[in-house]
file entry.txt (compact mmCIF, C-alpha atoms)
# COMPACT_ATOMS: atom_id res chain seq x y z
CA MET H 1 107.94 72.44 110.89
CA SER H 2 110.33 71.15 108.27
CA TRP H 3 112.39 72.60 105.44
CA THR H 4 109.45 72.30 103.07
CA THR H 5 107.27 74.75 104.97
CA PRO H 6 108.85 77.96 103.59
CA LEU H 7 108.62 76.51 100.08
CA ASP H 8 104.94 75.77 100.58
CA VAL H 9 104.31 79.29 101.83
CA ALA H 10 106.17 80.76 98.86
CA ALA H 11 104.16 78.53 96.53
CA ALA H 12 100.90 79.66 98.11
CA VAL H 13 101.87 83.33 97.75
CA CYS H 14 102.83 82.84 94.09
CA ILE H 15 99.59 81.04 93.22
CA LEU H 16 97.53 83.65 95.03
CA LEU H 17 99.29 86.54 93.25
CA GLY H 18 98.87 84.79 89.91
CA ALA H 19 95.17 84.31 90.58
CA VAL H 20 94.79 87.99 91.48
CA LEU H 21 96.47 89.02 88.20
CA THR H 22 94.15 86.71 86.27
CA LEU H 23 91.20 88.30 88.04
CA VAL H 24 92.49 91.74 87.04
CA ALA H 25 92.65 90.52 83.42
CA ALA H 26 89.01 89.46 83.66
CA ILE H 27 87.96 92.82 85.18
CA GLY H 28 89.88 94.56 82.40
CA GLN H 29 87.82 92.71 79.81
CA VAL H 30 84.69 94.30 81.20
CA ARG H 31 86.01 97.77 81.97
CA MET H 32 88.20 98.67 79.00
CA PRO H 33 86.58 100.85 76.32
CA ASP H 34 87.72 99.27 73.03
CA LEU H 35 89.15 96.07 71.60
CA LEU H 36 92.82 97.07 71.59
CA SER H 37 92.71 98.21 75.21
CA ARG H 38 91.03 94.93 76.06
CA MET H 39 93.88 93.09 74.38
CA HIS H 40 96.27 94.72 76.84
CA ALA H 41 94.18 93.63 79.78
CA ALA H 42 93.71 90.13 78.39
CA THR H 43 97.25 89.25 77.37
CA LYS H 44 99.43 91.15 79.77
CA PRO H 45 98.68 90.66 83.44
CA GLN H 46 97.88 87.15 82.36
CA VAL H 47 101.46 86.42 81.17
CA LEU H 48 102.87 87.23 84.59
CA GLY H 49 99.87 85.52 86.20
CA THR H 50 100.62 82.27 84.37
CA VAL H 51 104.30 82.51 85.24
CA LEU H 52 103.48 83.01 88.92
CA ILE H 53 100.97 80.15 89.06
CA VAL H 54 103.42 77.83 87.31
CA LEU H 55 106.20 78.95 89.66
CA GLY H 56 103.96 78.24 92.64
CA LEU H 57 103.09 74.80 91.29
CA SER H 58 106.71 73.84 90.72
CA LEU H 59 107.66 75.05 94.22
CA ARG H 60 104.92 72.87 95.65
CA LEU H 61 105.30 69.74 93.51
CA ARG H 62 109.14 69.68 93.41
CA GLU H 63 109.44 66.92 90.78
CA PRO H 64 111.94 67.36 87.91
CA GLY H 65 109.59 65.88 85.30
CA VAL H 66 106.74 68.20 86.25
CA VAL H 67 109.03 71.24 86.41
CA GLY H 68 110.24 70.54 82.86
CA LEU H 69 106.65 70.37 81.66
CA LEU H 70 105.72 73.58 83.50
CA LEU H 71 108.73 75.38 81.99
CA LEU H 72 107.42 74.32 78.61
CA VAL H 73 103.99 75.71 79.50
CA VAL H 74 105.52 79.14 80.23
CA LEU H 75 107.64 79.18 77.06
CA LEU H 76 104.74 78.19 74.82
CA GLN H 77 102.47 80.67 76.56
CA MET H 78 104.95 83.47 75.87
CA ALA H 79 105.49 82.39 72.27
CA THR H 80 101.81 82.07 71.40
CA SER H 81 100.36 85.06 73.26
CA VAL H 82 102.64 87.34 71.23
CA VAL H 83 101.37 85.98 67.93
CA SER H 84 97.71 85.90 68.92
CA SER H 85 97.70 89.43 70.35
CA HIS H 86 99.44 90.72 67.23
CA MET H 87 97.00 89.00 64.87
CA VAL H 88 93.90 90.18 66.75
CA GLY H 89 95.28 93.72 67.07
CA ARG H 90 96.26 93.89 63.43
CA ALA H 91 92.92 92.53 62.22
CA SER H 92 90.98 94.98 64.39
CA PHE H 93 93.07 97.92 63.19
CA ARG H 94 92.59 97.00 59.54
CA ALA H 95 88.87 96.49 60.08
CA GLY H 96 88.66 99.98 61.60
CA GLN H 97 87.64 98.71 65.02
CA VAL H 98 89.62 101.43 66.78
CA ARG H 99 88.18 104.27 68.81
CA ASP H 100 90.02 107.27 67.38
CA ASP H 101 88.78 109.50 70.17
CA LEU H 102 90.86 107.51 72.65
CA LEU H 103 94.10 107.87 70.70
CA VAL H 104 96.49 110.68 71.53
CA VAL H 105 98.83 109.91 68.64
CA ASP H 106 98.04 107.72 65.63
CA GLU H 107 101.04 107.32 63.39
CA LEU H 108 99.71 104.32 61.49
CA SER H 109 96.47 105.75 60.10
CA ASP H 110 98.33 108.85 58.89
CA GLU H 111 100.57 106.69 56.82
CA GLN H 112 98.28 103.99 55.48
CA LEU H 113 96.87 106.25 52.79
CA HIS H 114 99.98 105.82 50.67
CA GLU H 115 100.84 102.35 51.76
CA GLU H 116 102.29 99.45 49.83
CA PRO H 117 99.76 96.83 48.73
CA ARG H 118 98.07 95.09 51.63
CA GLY H 119 99.44 91.76 52.63
CA ALA H 120 102.89 92.55 51.25
CA PRO H 121 105.64 91.70 53.72
CA MET I 122 116.99 86.92 57.69
CA SER I 123 116.26 88.06 54.17
CA PRO I 124 116.64 85.33 51.58
CA VAL I 125 120.27 84.70 50.78
CA LEU I 126 120.95 84.57 47.06
CA ARG I 127 123.55 82.33 45.49
CA THR I 128 125.09 82.93 42.11
CA ARG I 129 125.41 80.00 39.72
CA ARG I 130 128.34 79.54 37.39
CA ASP I 131 126.34 80.91 34.45
CA GLY I 132 125.64 84.10 36.38
CA SER I 133 121.97 83.47 37.25
CA THR I 134 120.93 83.69 40.88
CA ARG I 135 118.67 81.49 42.96
CA PRO I 136 117.71 81.48 46.62
CA ALA I 137 120.12 79.45 48.69
CA ARG I 138 118.92 76.07 49.88
CA TYR I 139 119.03 75.48 53.59
CA ARG I 140 119.82 72.20 55.21
CA ALA I 141 116.52 71.25 56.80
CA VAL I 142 117.87 69.21 59.70
CA GLN I 143 119.77 71.51 62.05
CA PRO I 144 121.49 70.09 65.14
CA LEU I 145 120.29 72.83 67.50
CA ALA I 146 116.68 72.47 66.39
CA VAL I 147 116.83 68.68 66.79
CA LEU I 148 118.34 69.06 70.27
CA TRP I 149 115.65 71.53 71.31
CA LEU I 150 112.79 69.43 69.93
CA THR I 151 114.17 66.34 71.66
CA LEU I 152 114.27 68.23 74.96
CA VAL I 153 110.64 69.30 74.44
CA TRP I 154 109.73 65.68 73.72
CA LEU I 155 111.43 64.50 76.92
CA ALA I 156 109.81 67.28 78.96
CA MET I 157 106.40 66.20 77.72
CA TRP I 158 107.04 62.59 78.71
CA GLY I 159 108.38 63.80 82.03
CA GLU I 160 111.12 61.16 82.22
CA VAL I 161 114.35 60.17 80.48
CA SER I 162 115.04 56.71 79.12
CA PRO I 163 117.11 55.48 76.13
CA LEU I 164 114.00 54.54 74.18
CA LEU I 165 112.45 57.97 74.73
CA VAL I 166 115.65 59.73 73.61
CA VAL I 167 115.82 57.69 70.39
CA GLY I 168 112.13 58.28 69.75
CA GLY I 169 112.55 62.00 70.45
CA VAL I 170 115.42 62.34 67.99
CA LEU I 171 113.42 60.51 65.31
CA VAL I 172 110.38 62.75 65.87
CA ALA I 173 112.60 65.87 65.87
CA VAL I 174 114.23 64.91 62.56
CA ALA I 175 110.81 64.17 61.06
CA VAL I 176 109.50 67.57 62.21
CA CYS I 177 112.56 69.36 60.78
CA VAL I 178 112.13 67.62 57.41
CA ALA I 179 108.39 68.26 57.30
CA PHE I 180 108.59 71.95 58.36
CA PRO I 181 111.98 73.29 57.23
CA LEU I 182 113.01 76.71 58.52
CA PRO I 183 115.95 78.92 57.58
CA PRO I 184 118.74 78.60 60.12
CA VAL I 185 119.03 81.25 62.82
CA ASP I 186 122.67 81.48 63.76
CA ILE I 187 122.38 82.57 67.38
CA ALA I 188 125.09 80.70 69.17
CA SER I 189 128.02 82.06 67.19
CA GLY I 190 127.82 85.66 68.37
CA LEU I 191 126.20 85.32 71.77
CA ARG I 192 127.41 87.62 74.54
CA PRO I 193 126.43 86.01 77.85
CA VAL I 194 126.73 89.10 80.08
CA ALA I 195 124.72 91.31 77.75
CA LEU I 196 122.17 88.52 77.31
CA ALA I 197 121.78 88.13 81.07
CA ARG I 198 121.29 91.89 81.36
CA LEU I 199 118.69 91.78 78.57
CA VAL I 200 116.73 88.99 80.25
CA ALA I 201 116.95 90.56 83.71
CA ARG I 202 115.77 93.93 82.44
CA PHE I 203 112.99 92.19 80.52
CA LEU I 204 111.72 90.43 83.66
CA VAL I 205 111.82 93.68 85.64
CA ASP I 206 109.90 95.42 82.85
CA VAL I 207 107.27 92.68 82.75
CA VAL I 208 106.64 92.89 86.49
CA ARG I 209 106.64 96.70 86.57
CA ALA I 210 104.36 97.02 83.58
CA SER I 211 101.97 94.35 84.90
CA ILE I 212 101.50 96.46 88.01
CA GLN I 213 100.98 99.52 85.80
CA VAL I 214 98.33 97.82 83.67
CA THR I 215 96.62 96.58 86.83
CA GLY I 216 96.46 100.18 87.99
CA VAL I 217 94.99 101.30 84.68
CA VAL I 218 92.34 98.58 84.83
CA LEU I 219 91.28 99.35 88.37
CA ARG I 220 91.27 103.15 88.37
CA ARG I 221 88.25 105.20 87.43
CA ARG I 222 89.58 107.73 84.93
CA PRO I 223 89.15 106.73 81.25
CA VAL I 224 92.29 105.55 79.51
CA ARG I 225 94.03 107.35 76.64
CA ASN I 226 96.08 105.34 74.16
CA ALA I 227 98.42 105.94 71.24
CA VAL I 228 99.67 104.20 68.12
CA VAL I 229 103.40 104.82 67.91
CA ALA I 230 105.70 104.02 64.99
CA VAL I 231 109.15 102.77 65.96
CA ASP I 232 111.79 102.74 63.22
CA LEU I 233 114.26 100.06 64.16
CA GLU I 234 117.93 100.66 63.57
CA SER I 235 118.90 97.14 62.66
CA SER I 236 117.93 95.71 59.27
CA SER I 237 117.87 92.12 60.50
CA ASP I 238 114.52 90.32 60.47
CA PHE I 239 115.62 88.24 63.42
CA VAL I 240 116.27 91.31 65.58
CA MET I 241 112.96 92.80 64.45
CA THR I 242 111.11 89.63 65.45
CA LEU I 243 112.81 89.49 68.83
CA VAL I 244 112.15 93.15 69.60
CA ALA I 245 108.51 92.83 68.50
CA ALA I 246 107.99 89.74 70.64
CA MET I 247 109.58 91.30 73.71
CA LEU I 248 107.64 94.54 73.30
CA SER I 249 104.44 92.52 73.02
CA LEU I 250 105.22 90.55 76.16
CA ILE I 251 105.93 93.68 78.15
CA PRO I 252 102.48 94.85 79.26
CA GLY I 253 101.10 98.06 77.82
CA SER I 254 102.10 97.58 74.19
CA VAL I 255 100.80 95.43 71.33
CA VAL I 256 102.30 95.30 67.85
CA VAL I 257 99.46 96.14 65.46
CA GLU I 258 101.52 96.29 62.29
CA ALA I 259 105.05 95.40 61.29
CA ARG I 260 106.51 96.62 58.04
CA ARG I 261 109.43 94.57 56.92
CA SER I 262 110.54 96.82 54.06
CA THR I 263 111.40 99.72 56.38
CA HIS I 264 111.75 97.71 59.61
CA THR I 265 109.07 99.75 61.30
CA LEU I 266 106.91 98.48 64.13
CA TYR I 267 103.57 100.12 64.85
CA LEU I 268 102.62 99.63 68.47
CA HIS I 269 99.40 100.30 70.29
CA VAL I 270 100.42 101.66 73.67
CA LEU I 271 98.10 101.70 76.67
CA ASP I 272 97.81 104.73 78.92
CA VAL I 273 99.55 107.51 77.02
CA PRO I 274 98.29 110.83 78.41
CA ASP I 275 100.17 113.13 75.99
CA GLU I 276 102.63 113.21 73.10
CA GLU I 277 105.58 113.48 75.46
CA SER I 278 104.85 110.00 76.86
CA ALA I 279 104.58 108.65 73.31
CA GLU I 280 108.09 109.94 72.62
CA GLU I 281 109.25 108.39 75.85
CA PHE I 282 107.84 105.03 74.81
CA ARG I 283 109.64 105.27 71.46
CA ARG I 284 112.92 105.91 73.27
CA ASP I 285 112.32 102.91 75.56
CA ALA I 286 111.60 100.67 72.57
CA LEU I 287 114.80 101.77 70.81
CA GLN I 288 116.77 101.15 74.00
CA LEU I 289 115.34 97.64 74.10
CA GLU I 290 116.57 97.15 70.54
CA GLN I 291 120.02 98.35 71.57
CA ARG I 292 120.09 95.80 74.39
CA VAL I 293 119.08 93.05 71.95
CA LEU I 294 121.83 94.14 69.56
CA ARG I 295 124.40 94.11 72.34
CA ALA I 296 123.37 90.61 73.41
CA LEU I 297 123.21 89.19 69.88
CA PRO I 298 125.59 91.23 67.74
CA PRO I 299 124.64 91.02 64.05
CA HIS I 300 126.89 89.28 61.58
CA ALA I 301 128.98 91.04 59.02
CA PRO I 302 127.19 90.93 55.65
CA GLU I 303 129.83 88.84 53.89
CA GLU I 304 129.57 86.23 56.61
CA ALA I 305 125.82 85.93 56.17
CA GLY I 306 126.09 85.37 52.46
CA ALA I 307 128.91 82.83 52.57
call {"tool": "encode", "arguments": {"input": "entry.txt", "output": "structure tokens"}}
result
Amino acid sequence: MSWTTPLDVAAAVCILLGAVLTLVAAIGQVRMPDLLSRMHAATKPQVLGTVLIVLGLSLRLREPGVVGLLLLVVLLQMATSVVSSHMVGRASFRAGQVRDDLLVVDELSDEQLHEEPRGAP
Amino acid sequence: MSPVLRTRRDGSTRPARYRAVQPLAVLWLTLVWLAMWGEVSPLLVVGGVLVAVAVCVAFPLPPVDIASGLRPVALARLVARFLVDVVRASIQVTGVVLRRRPVRNAVVAVDLESSSDFVMTLVAAMLSLIPGSVVVEARRSTHTLYLHVLDVPDEESAEEFRRDALQLEQRVLRALPPHAPEEAGA
């Protein structure tokens, strides 16, 4: 028993939780009814899952160089998952790949009839 | 930031030129470079600065003047609330994935108060990272975000989500207060 034991336990818990969240993301891919709902399952529990796994790794490895790299992994993950989920969601909406029967409110389709030219900022 | 226009002596206007190499960007890129090497040595720092300057010259971006108006306490509150939201909403999405009942969604329009592109980008990114919402469309002309929200049983919850999103914008505005217009154009 040394001072590193609690850190190792915390690391194990973090990695396990992160793995569970990633598993939930995978289950969501199968269970969700349409593309946009799948996007939620794919990008969201997975952000926290990545953060937890990276946190567990840095608690276990405890090297400054590695921690810097892992921090970078989290930041880039957050920066890129936003853009990719937006682009996929936007493309699917414009292509009409949305199940209207699942939407309670749809304030975008109501408005797109008199929209500015597509692609305009 | 919308393009800043400068007026020439003869009265014609042109978009302002930005200085490509910005100290903050160079510092950040150098830190990234060092993090990727995983160690710090004089040669690596010099190499990192050179690479950072080259990247700034090759891919120039308009400056984002964050540091001048930063409020640390409000920023800490923004980040803390964001982390809480991410954890809470992750649990919520997990519940939605695992339960049996079919899910109902909504596409909600959020008209942002601020007219700054930077604030709009930040709010959109944070809303996307918080589970349960994806930005499907962003209209710059009216500063409106259209979000696909997971698990909205009725219109009341859609309104609630809109209020939450606007509160997030308020927190961003408190942390990074916008500049006065004359300052931005100077």
call {"tool": "residues_around", "arguments": {"input": "entry.txt", "residues": "Met87 of chain H", "least_positions_apart": "5", "cutoff": "9 Å", "atoms": "all atoms listed in the file", "output": "ChimeraX atom specification"}}
result
/H:82,92 /I:256-258
call {"tool": "closest_residue", "arguments": {"input": "entry.txt", "among": "H:Arg99, H:Arg38, H:Arg62, H:His86", "to": "chain I", "atoms": "all atoms listed in the file"}}
result
H:His86
call {"tool": "residues_around", "arguments": {"input": "entry.txt", "residues": "Thr43 of chain H", "least_positions_apart": "4", "cutoff": "10 Å", "atoms": "all atoms listed in the file", "output": "PDB file with C-alpha atoms, in the coordinates of the input"}}
result
ATOM      1  CA  THR H  22      94.150  86.710  86.270  1.00  0.00           C
ATOM      2  CA  ALA H  25      92.650  90.520  83.420  1.00  0.00           C
ATOM      3  CA  ARG H  38      91.030  94.930  76.060  1.00  0.00           C
ATOM      4  CA  MET H  39      93.880  93.090  74.380  1.00  0.00           C
ATOM      5  CA  VAL H  47     101.460  86.420  81.170  1.00  0.00           C
ATOM      6  CA  LEU H  48     102.870  87.230  84.590  1.00  0.00           C
ATOM      7  CA  GLY H  49      99.870  85.520  86.200  1.00  0.00           C
ATOM      8  CA  MET H  78     104.950  83.470  75.870  1.00  0.00           C
ATOM      9  CA  SER H  81     100.360  85.060  73.260  1.00  0.00           C
ATOM     10  CA  VAL H  82     102.640  87.340  71.230  1.00  0.00           C
ATOM     11  CA  SER H  84      97.710  85.900  68.920  1.00  0.00           C
ATOM     12  CA  SER H  85      97.700  89.430  70.350  1.00  0.00           C
TER      13      SER H  85
ATOM     14  CA  SER I 249     104.440  92.520  73.020  1.00  0.00           C
ATOM     15  CA  LEU I 250     105.220  90.550  76.160  1.00  0.00           C
ATOM     16  CA  ILE I 251     105.930  93.680  78.150  1.00  0.00           C
ATOM     17  CA  PRO I 252     102.480  94.850  79.260  1.00  0.00           C
ATOM     18  CA  GLY I 253     101.100  98.060  77.820  1.00  0.00           C
ATOM     19  CA  VAL I 255     100.800  95.430  71.330  1.00  0.00           C
TER      20      VAL I 255
END
call {"tool": "closest_atom_pairs", "arguments": {"input": "entry.txt", "of": "chain I", "to": "chain H", "cutoff": "8 Å", "atoms": "all atoms listed in the file", "output": "CSV"}}
result
residue,atom,partner,partner_atom,distance
I:Val153,CA,H:Leu72,CA,7.3
I:Ala156,CA,H:Gly68,CA,5.1
I:Met157,CA,H:Leu69,CA,5.7
I:Trp158,CA,H:Gly65,CA,7.8
I:Gly159,CA,H:Gly65,CA,4.1
I:Glu160,CA,H:Gly65,CA,5.8
I:Val207,CA,H:Leu48,CA,7.2
I:Val208,CA,H:Leu48,CA,7.1
I:Ser211,CA,H:Pro45,CA,5.2
I:Ile212,CA,H:Pro45,CA,7.9
I:Val214,CA,H:Ala41,CA,7.1
I:Thr215,CA,H:Val24,CA,6.4
I:Val218,CA,H:Gly28,CA,5.3
I:Leu219,CA,H:Gly28,CA,7.8
I:Val224,CA,H:Leu102,CA,7.3
I:Arg225,CA,H:Leu102,CA,5.1
I:Asn226,CA,H:Leu103,CA,4.7
I:Ala227,CA,H:Leu103,CA,4.8
I:Val228,CA,H:Asp106,CA,4.6
I:Val229,CA,H:Glu107,CA,5.7
I:Ala230,CA,H:Glu107,CA,5.9
I:Ala246,CA,H:Val82,CA,5.9
I:Ser249,CA,H:Val82,CA,5.8
I:Leu250,CA,H:Val82,CA,6.4
I:Ile251,CA,H:Lys44,CA,7.2
I:Pro252,CA,H:Lys44,CA,4.8
I:Gly253,CA,H:His40,CA,6.0
I:Ser254,CA,H:His40,CA,7.0
I:Val255,CA,H:His86,CA,6.4
I:Val256,CA,H:His86,CA,5.4
I:Val257,CA,H:Arg90,CA,4.4
I:Glu258,CA,H:Arg90,CA,5.9
I:Arg260,CA,H:Pro121,CA,6.6
I:Arg261,CA,H:Pro121,CA,5.7
I:Ser262,CA,H:Pro121,CA,7.1
I:Tyr267,CA,H:Leu108,CA,6.6
I:His269,CA,H:Leu36,CA,7.4
I:Leu271,CA,H:Ser37,CA,6.6
I:Val273,CA,H:Val104,CA,7.0
I:Pro274,CA,H:Val104,CA,7.1
I:Asp275,CA,H:Val104,CA,6.3
I:Glu276,CA,H:Val105,CA,6.7
I:Ala279,CA,H:Val105,CA,7.5
call {"tool": "atom_distance", "arguments": {"input": "entry.txt", "atom1": "atom CA of Leu287 of chain I", "atom2": "atom CA of Leu268 of chain I"}}
result
12.6 Å
call {"tool": "residues_around", "arguments": {"input": "entry.txt", "residues": "Gly169 of chain I", "least_positions_apart": "4", "cutoff": "9 Å", "atoms": "all atoms listed in the file", "output": "NGL selection string"}}
result
:I and (147 or 150-155 or 164-165 or 173-174)
call {"tool": "atom_distance", "arguments": {"input": "entry.txt", "atom1": "atom CA of Met241 of chain I", "atom2": "atom CA of Thr265 of chain I"}}
result
8.6 Å
call {"tool": "atom_distance", "arguments": {"input": "entry.txt", "atom1": "atom CA of Val293 of chain I", "atom2": "atom CA of Val244 of chain I"}}
result
7.3 Å
call {"tool": "residues_around", "arguments": {"input": "entry.txt", "residues": "segment 191-197 of chain I", "least_positions_apart": "4", "cutoff": "8 Å", "atoms": "all atoms listed in the file", "output": "list in words"}}
result
Ile187, Ala201, Arg292, Val293, Arg295, Ala296, Leu297 and Pro298 of chain I
call {"tool": "residues_around", "arguments": {"input": "entry.txt", "residues": "Glu234 of chain I", "least_positions_apart": "3", "cutoff": "9 Å", "atoms": "only C-alpha atoms", "output": "ChimeraX atom specification"}}
result
/I:264,287,290-291
call {"tool": "closest_residue", "arguments": {"input": "entry.txt", "among": "I:Ala146, I:Arg222, I:Pro183, I:Val200", "to": "Phe239 of chain I", "atoms": "all atoms listed in the file"}}
result
I:Pro183
